[in-house]
$ cat work_35.pdb   # PDB, C-alpha atoms, pLDDT in the B column
ATOM      1  CA  MET A   1     272.377 103.479  78.416  1.00 53.00           C
ATOM      2  CA  ALA A   2     275.055 102.689  80.987  1.00 53.00           C
ATOM      3  CA  SER A   3     274.197 100.123  83.660  1.00 60.00           C
ATOM      4  CA  SER A   4     274.204 102.855  86.325  1.00 89.00           C
ATOM      5  CA  ASP A   5     271.521 104.845  84.488  1.00 92.00           C
ATOM      6  CA  VAL A   6     267.767 104.559  84.939  1.00 95.00           C
ATOM      7  CA  ASN A   7     264.913 105.466  82.609  1.00 96.00           C
ATOM      8  CA  LEU A   8     262.233 107.874  83.754  1.00 95.00           C
ATOM      9  CA  HIS A   9     258.791 108.302  82.187  1.00 96.00           C
ATOM     10  CA  ILE A  10     256.988 111.374  83.499  1.00 95.00           C
ATOM     11  CA  GLN A  11     253.661 112.788  82.322  1.00 95.00           C
ATOM     12  CA  PHE A  12     251.782 116.053  82.607  1.00 94.00           C
ATOM     13  CA  THR A  13     248.143 116.051  81.512  1.00 95.00           C
ATOM     14  CA  ALA A  14     245.398 118.650  81.466  1.00 94.00           C
ATOM     15  CA  VAL A  15     241.944 119.296  80.095  1.00 95.00           C
ATOM     16  CA  ILE A  16     241.883 122.490  78.046  1.00 93.00           C
ATOM     17  CA  ASP A  17     238.701 124.483  77.820  1.00 92.00           C
ATOM     18  CA  ALA A  18     239.096 125.029  74.078  1.00 90.00           C
ATOM     19  CA  PRO A  19     238.180 122.981  71.015  1.00 91.00           C
ATOM     20  CA  ILE A  20     240.941 121.019  69.307  1.00 91.00           C
ATOM     21  CA  GLU A  21     240.787 123.311  66.248  1.00 88.00           C
ATOM     22  CA  SER A  22     241.930 126.249  68.384  1.00 85.00           C
ATOM     23  CA  ALA A  23     244.325 124.504  70.754  1.00 83.00           C
ATOM     24  CA  CYS A  24     246.217 122.627  68.027  1.00 84.00           C
ATOM     25  CA  LYS A  25     247.596 125.861  66.512  1.00 80.00           C
ATOM     26  CA  VAL A  26     250.333 125.834  69.156  1.00 79.00           C
ATOM     27  CA  LEU A  27     251.497 122.308  68.186  1.00 81.00           C
ATOM     28  CA  ALA A  28     251.123 122.677  64.414  1.00 80.00           C
ATOM     29  CA  SER A  29     254.883 123.134  63.976  1.00 80.00           C
ATOM     30  CA  PHE A  30     258.110 123.563  65.945  1.00 83.00           C
ATOM     31  CA  ASP A  31     257.811 127.309  65.333  1.00 80.00           C
ATOM     32  CA  PRO A  32     258.177 129.224  68.605  1.00 77.00           C
ATOM     33  CA  ALA A  33     255.967 132.132  67.450  1.00 71.00           C
ATOM     34  CA  PRO A  34     252.696 130.768  68.937  1.00 66.00           C
ATOM     35  CA  VAL A  35     254.178 130.579  72.450  1.00 67.00           C
ATOM     36  CA  ASN A  36     256.328 133.718  72.327  1.00 69.00           C
ATOM     37  CA  GLY A  37     254.440 136.633  73.809  1.00 62.00           C
ATOM     38  CA  MET A  38     251.962 134.386  75.631  1.00 59.00           C
ATOM     39  CA  GLY A  39     253.967 134.298  78.837  1.00 58.00           C
ATOM     40  CA  VAL A  40     255.035 130.668  78.527  1.00 64.00           C
ATOM     41  CA  PHE A  41     258.712 131.578  78.884  1.00 71.00           C
ATOM     42  CA  ASP A  42     260.343 134.698  80.324  1.00 75.00           C
ATOM     43  CA  GLU A  43     262.577 134.991  77.245  1.00 81.00           C
ATOM     44  CA  PRO A  44     261.601 134.136  73.663  1.00 85.00           C
ATOM     45  CA  VAL A  45     262.067 130.629  72.281  1.00 86.00           C
ATOM     46  CA  GLU A  46     264.275 130.827  69.183  1.00 90.00           C
ATOM     47  CA  LEU A  47     264.248 128.693  66.052  1.00 92.00           C
ATOM     48  CA  VAL A  48     267.975 128.331  65.364  1.00 94.00           C
ATOM     49  CA  GLU A  49     268.031 125.856  62.472  1.00 95.00           C
ATOM     50  CA  GLY A  50     265.786 124.500  59.784  1.00 95.00           C
ATOM     51  CA  ASP A  51     262.165 124.786  58.777  1.00 93.00           C
ATOM     52  CA  PRO A  52     259.836 124.650  61.815  1.00 90.00           C
ATOM     53  CA  SER A  53     257.541 122.246  59.952  1.00 89.00           C
ATOM     54  CA  ALA A  54     260.347 119.830  59.070  1.00 92.00           C
ATOM     55  CA  ILE A  55     261.970 117.038  61.024  1.00 95.00           C
ATOM     56  CA  GLY A  56     265.401 118.172  62.206  1.00 96.00           C
ATOM     57  CA  ALA A  57     264.409 121.752  63.078  1.00 95.00           C
ATOM     58  CA  ILE A  58     266.272 123.007  66.137  1.00 96.00           C
ATOM     59  CA  ARG A  59     265.054 125.483  68.751  1.00 92.00           C
ATOM     60  CA  LYS A  60     266.575 127.100  71.818  1.00 91.00           C
ATOM     61  CA  VAL A  61     264.276 127.134  74.867  1.00 87.00           C
ATOM     62  CA  PRO A  62     265.069 129.419  77.827  1.00 84.00           C
ATOM     63  CA  VAL A  63     264.620 127.730  81.207  1.00 80.00           C
ATOM     64  CA  ALA A  64     266.096 130.450  83.444  1.00 78.00           C
ATOM     65  CA  PRO A  65     267.926 133.748  82.843  1.00 82.00           C
ATOM     66  CA  GLY A  66     270.977 132.898  80.753  1.00 84.00           C
ATOM     67  CA  LYS A  67     270.172 129.164  80.756  1.00 84.00           C
ATOM     68  CA  PHE A  68     268.660 127.268  77.854  1.00 88.00           C
ATOM     69  CA  LEU A  69     267.936 123.844  76.407  1.00 88.00           C
ATOM     70  CA  VAL A  70     268.405 123.053  72.737  1.00 93.00           C
ATOM     71  CA  GLU A  71     265.845 120.686  71.219  1.00 93.00           C
ATOM     72  CA  ARG A  72     265.551 118.910  67.859  1.00 97.00           C
ATOM     73  CA  LEU A  73     262.191 118.050  66.275  1.00 96.00           C
ATOM     74  CA  VAL A  74     262.073 114.299  65.590  1.00 97.00           C
ATOM     75  CA  ALA A  75     258.369 113.820  64.746  1.00 96.00           C
ATOM     76  CA  LEU A  76     255.473 116.081  63.787  1.00 93.00           C
ATOM     77  CA  ASP A  77     251.953 114.869  63.061  1.00 93.00           C
ATOM     78  CA  THR A  78     249.471 117.624  62.248  1.00 89.00           C
ATOM     79  CA  VAL A  79     246.630 115.115  61.821  1.00 92.00           C
ATOM     80  CA  LYS A  80     247.115 113.590  65.280  1.00 93.00           C
ATOM     81  CA  HIS A  81     248.106 116.966  66.775  1.00 93.00           C
ATOM     82  CA  SER A  82     251.437 115.820  68.187  1.00 94.00           C
ATOM     83  CA  GLN A  83     255.134 116.555  68.114  1.00 94.00           C
ATOM     84  CA  THR A  84     258.182 114.816  69.550  1.00 96.00           C
ATOM     85  CA  TYR A  85     261.539 116.407  70.264  1.00 96.00           C
ATOM     86  CA  GLU A  86     264.832 115.388  71.804  1.00 97.00           C
ATOM     87  CA  LEU A  87     267.311 117.306  73.890  1.00 93.00           C
ATOM     88  CA  ILE A  88     270.694 118.087  72.350  1.00 93.00           C
ATOM     89  CA  PRO A  89     272.772 118.143  75.562  1.00 88.00           C
ATOM     90  CA  GLU A  90     276.018 119.253  73.934  1.00 88.00           C
ATOM     91  CA  ARG A  91     274.333 122.430  72.614  1.00 89.00           C
ATOM     92  CA  SER A  92     272.405 123.216  75.825  1.00 88.00           C
ATOM     93  CA  SER A  93     273.686 125.276  78.767  1.00 85.00           C
ATOM     94  CA  ASP A  94     275.807 123.125  81.063  1.00 80.00           C
ATOM     95  CA  ASP A  95     273.767 124.164  84.073  1.00 81.00           C
ATOM     96  CA  ALA A  96     270.333 124.421  82.400  1.00 78.00           C
ATOM     97  CA  LEU A  97     269.032 121.502  84.434  1.00 78.00           C
ATOM     98  CA  PRO A  98     269.718 120.987  88.144  1.00 75.00           C
ATOM     99  CA  VAL A  99     270.597 117.311  87.597  1.00 80.00           C
ATOM    100  CA  PRO A 100     272.563 115.444  84.945  1.00 82.00           C
ATOM    101  CA  ILE A 101     270.386 114.023  82.176  1.00 86.00           C
ATOM    102  CA  LYS A 102     271.984 111.632  79.685  1.00 88.00           C
ATOM    103  CA  SER A 103     269.117 111.837  77.185  1.00 92.00           C
ATOM    104  CA  LEU A 104     265.644 113.297  77.076  1.00 93.00           C
ATOM    105  CA  ARG A 105     262.784 112.892  74.616  1.00 97.00           C
ATOM    106  CA  GLY A 106     259.523 114.779  74.959  1.00 95.00           C
ATOM    107  CA  SER A 107     256.175 114.332  73.253  1.00 96.00           C
ATOM    108  CA  LEU A 108     253.283 116.776  73.282  1.00 94.00           C
ATOM    109  CA  SER A 109     249.859 115.792  72.023  1.00 95.00           C
ATOM    110  CA  LEU A 110     246.298 117.031  71.944  1.00 95.00           C
ATOM    111  CA  GLU A 111     243.142 114.968  71.548  1.00 96.00           C
ATOM    112  CA  PRO A 112     239.586 116.192  71.163  1.00 95.00           C
ATOM    113  CA  ILE A 113     237.112 115.650  73.970  1.00 96.00           C
ATOM    114  CA  THR A 114     234.117 115.550  71.678  1.00 93.00           C
ATOM    115  CA  PHE A 115     231.434 115.359  74.373  1.00 95.00           C
ATOM    116  CA  SER A 116     232.366 118.746  75.838  1.00 95.00           C
ATOM    117  CA  ASN A 117     234.192 120.416  72.900  1.00 94.00           C
ATOM    118  CA  GLN A 118     237.394 120.577  74.944  1.00 94.00           C
ATOM    119  CA  SER A 119     240.905 119.218  74.370  1.00 94.00           C
ATOM    120  CA  PHE A 120     243.058 116.755  76.288  1.00 96.00           C
ATOM    121  CA  PHE A 121     246.748 117.713  76.512  1.00 94.00           C
ATOM    122  CA  ARG A 122     249.487 115.188  77.300  1.00 96.00           C
ATOM    123  CA  TRP A 123     253.190 115.982  77.680  1.00 94.00           C
ATOM    124  CA  THR A 124     255.446 113.010  78.307  1.00 96.00           C
ATOM    125  CA  LEU A 125     259.141 113.131  79.013  1.00 95.00           C
ATOM    126  CA  ASP A 126     261.370 110.080  78.812  1.00 96.00           C
ATOM    127  CA  ALA A 127     264.831 110.589  80.250  1.00 94.00           C
ATOM    128  CA  ALA A 128     267.904 108.535  81.043  1.00 94.00           C
ATOM    129  CA  VAL A 129     269.602 109.737  84.213  1.00 93.00           C
ATOM    130  CA  PRO A 130     272.288 108.428  86.566  1.00 92.00           C
ATOM    131  CA  ALA A 131     270.670 106.084  89.096  1.00 93.00           C
ATOM    132  CA  ASP A 132     271.940 108.117  92.053  1.00 92.00           C
ATOM    133  CA  SER A 133     270.089 111.227  90.832  1.00 90.00           C
ATOM    134  CA  ALA A 134     266.807 109.603  89.711  1.00 91.00           C
ATOM    135  CA  GLY A 135     264.792 111.068  92.591  1.00 92.00           C
ATOM    136  CA  ALA A 136     266.160 114.575  92.106  1.00 90.00           C
ATOM    137  CA  ALA A 137     265.714 114.302  88.317  1.00 89.00           C
ATOM    138  CA  THR A 138     262.089 113.199  88.693  1.00 91.00           C
ATOM    139  CA  GLU A 139     261.389 116.111  91.023  1.00 91.00           C
ATOM    140  CA  ALA A 140     263.134 118.608  88.713  1.00 87.00           C
ATOM    141  CA  ILE A 141     261.316 117.357  85.604  1.00 88.00           C
ATOM    142  CA  ARG A 142     257.932 117.390  87.348  1.00 89.00           C
ATOM    143  CA  GLY A 143     258.596 120.931  88.568  1.00 86.00           C
ATOM    144  CA  MET A 144     259.542 122.062  85.061  1.00 83.00           C
ATOM    145  CA  GLN A 145     256.471 120.376  83.571  1.00 87.00           C
ATOM    146  CA  ALA A 146     254.184 121.987  86.151  1.00 85.00           C
ATOM    147  CA  ALA A 147     255.614 125.471  85.561  1.00 82.00           C
ATOM    148  CA  ILE A 148     255.776 125.315  81.772  1.00 83.00           C
ATOM    149  CA  GLY A 149     252.786 122.997  81.331  1.00 85.00           C
ATOM    150  CA  GLY A 150     250.444 125.352  83.154  1.00 83.00           C
ATOM    151  CA  LYS A 151     251.542 128.223  80.923  1.00 80.00           C
ATOM    152  CA  LEU A 152     251.164 126.052  77.816  1.00 83.00           C
ATOM    153  CA  VAL A 153     247.608 125.176  78.835  1.00 83.00           C
ATOM    154  CA  ASP A 154     246.870 128.916  79.063  1.00 81.00           C
ATOM    155  CA  ALA A 155     248.492 129.442  75.640  1.00 79.00           C
ATOM    156  CA  PHE A 156     246.301 126.692  74.143  1.00 81.00           C
ATOM    157  CA  LYS A 157     243.216 128.488  75.465  1.00 80.00           C
ATOM    158  CA  LYS A 158     244.316 131.797  73.891  1.00 78.00           C
ATOM    159  CA  ALA A 159     245.327 130.324  70.519  1.00 72.00           C
TER
END

$ encode --input "work_35.pdb" --output "C-alpha cells"
Amino acid sequence: MASSDVNLHIQFTAVIDAPIESACKVLASFDPAPVNGMGVFDEPVELVEGDPSAIGAIRKVPVAPGKFLVERLVALDTVKHSQTYELIPERSSDDALPVPIKSLRGSLSLEPITFSNQSFFRWTLDAAVPADSAGAATEAIRGMQAAIGGKLVDAFKKA
C-alpha cells in the first residue's frame, strides 16, 4: 500500500429470519445460481472461470447497467458458512465504482442464532483507497452494501 493510501474496514450485518440450514445454501459455493433470479442484481452474476466450489473461481458481478466487478474466490468454508473474495480491478469495468479502489477483499459469513432458530449475516469489506477519497469510498461502499446486502438478506430467507 502506498503511503497516500488508507485502509477501510466496513461491515454490514443483519439477522435473518431463517435457520442456518436454509440460509447457508446461498454461501455454499461461489456459484451465482442461488442469487440469480432472486432480485439481488438487475443482471445475472456470471461464473467466468473455474469450479464455483474451488479456490480461484472467478465471477462477474453487475453493479449498474453495463458496469461490473470481477471477483476471485480466495476462501470457502462450508462448515463455518463463509466465503472470502477479492476484487480483480484490471478485469472490472473502469467506472464500476464511483471512487478509485486499490484493492478490495470481502468476506460473507453466516452463524446460527440457536435461541431463535435464525441466522446472523456479516459482510465485511476491507479496501485500500487513496487517502483523499477515503470519505467518498466509505460512503460508496456503505451504499453498495446496503443495496445489495438487503437483497441478499431476502435471498437468504427464500433459499

$ resolve_selection --input "work_35.pdb" --expression "the PyMOL selection byres ((chain A and resi 145-159) around 6)" --output "list in words"
Ala18, Ser22, Ala23, Val40, Arg142, Gly143 and Met144 of chain A

$ closest_residue --input "work_35.pdb" --among "A:Phe121, A:Val79, A:Gly135, A:Ile141" --to "Leu97 of chain A" --atoms "all atoms listed in the file"
A:Ile141

$ atom_distance --input "work_35.pdb" --atom1 "atom CA of Leu125 of chain A" --atom2 "atom CA of Pro19 of chain A"
24.5 Å

$ resolve_selection --input "work_35.pdb" --expression "the PyMOL selection byres ((chain A and resi 124) around 10)" --output "list in words"
His9, Ile10, Gln11, Phe12, Thr13, Thr84, Arg105, Gly106, Ser107, Leu108, Ser109, Arg122, Trp123, Leu125, Asp126, Ala127 and Gln145 of chain A

$ atom_distance --input "work_35.pdb" --atom1 "atom CA of Val99 of chain A" --atom2 "atom CA of Asp31 of chain A"
27.6 Å

$ resolve_selection --input "work_35.pdb" --expression "the PyMOL selection byres ((chain A and resi 89) around 9)" --output "list in words"
Leu69, Val70, Glu71, Leu87, Ile88, Glu90, Arg91, Ser92, Ser93, Asp94, Ile101, Lys102, Ser103 and Leu104 of chain A

$ closest_residue --input "work_35.pdb" --among "A:Ala137, A:Glu111, A:Ala131, A:Ser4" --to "Ser82 of chain A" --atoms "only C-alpha atoms"
A:Glu111
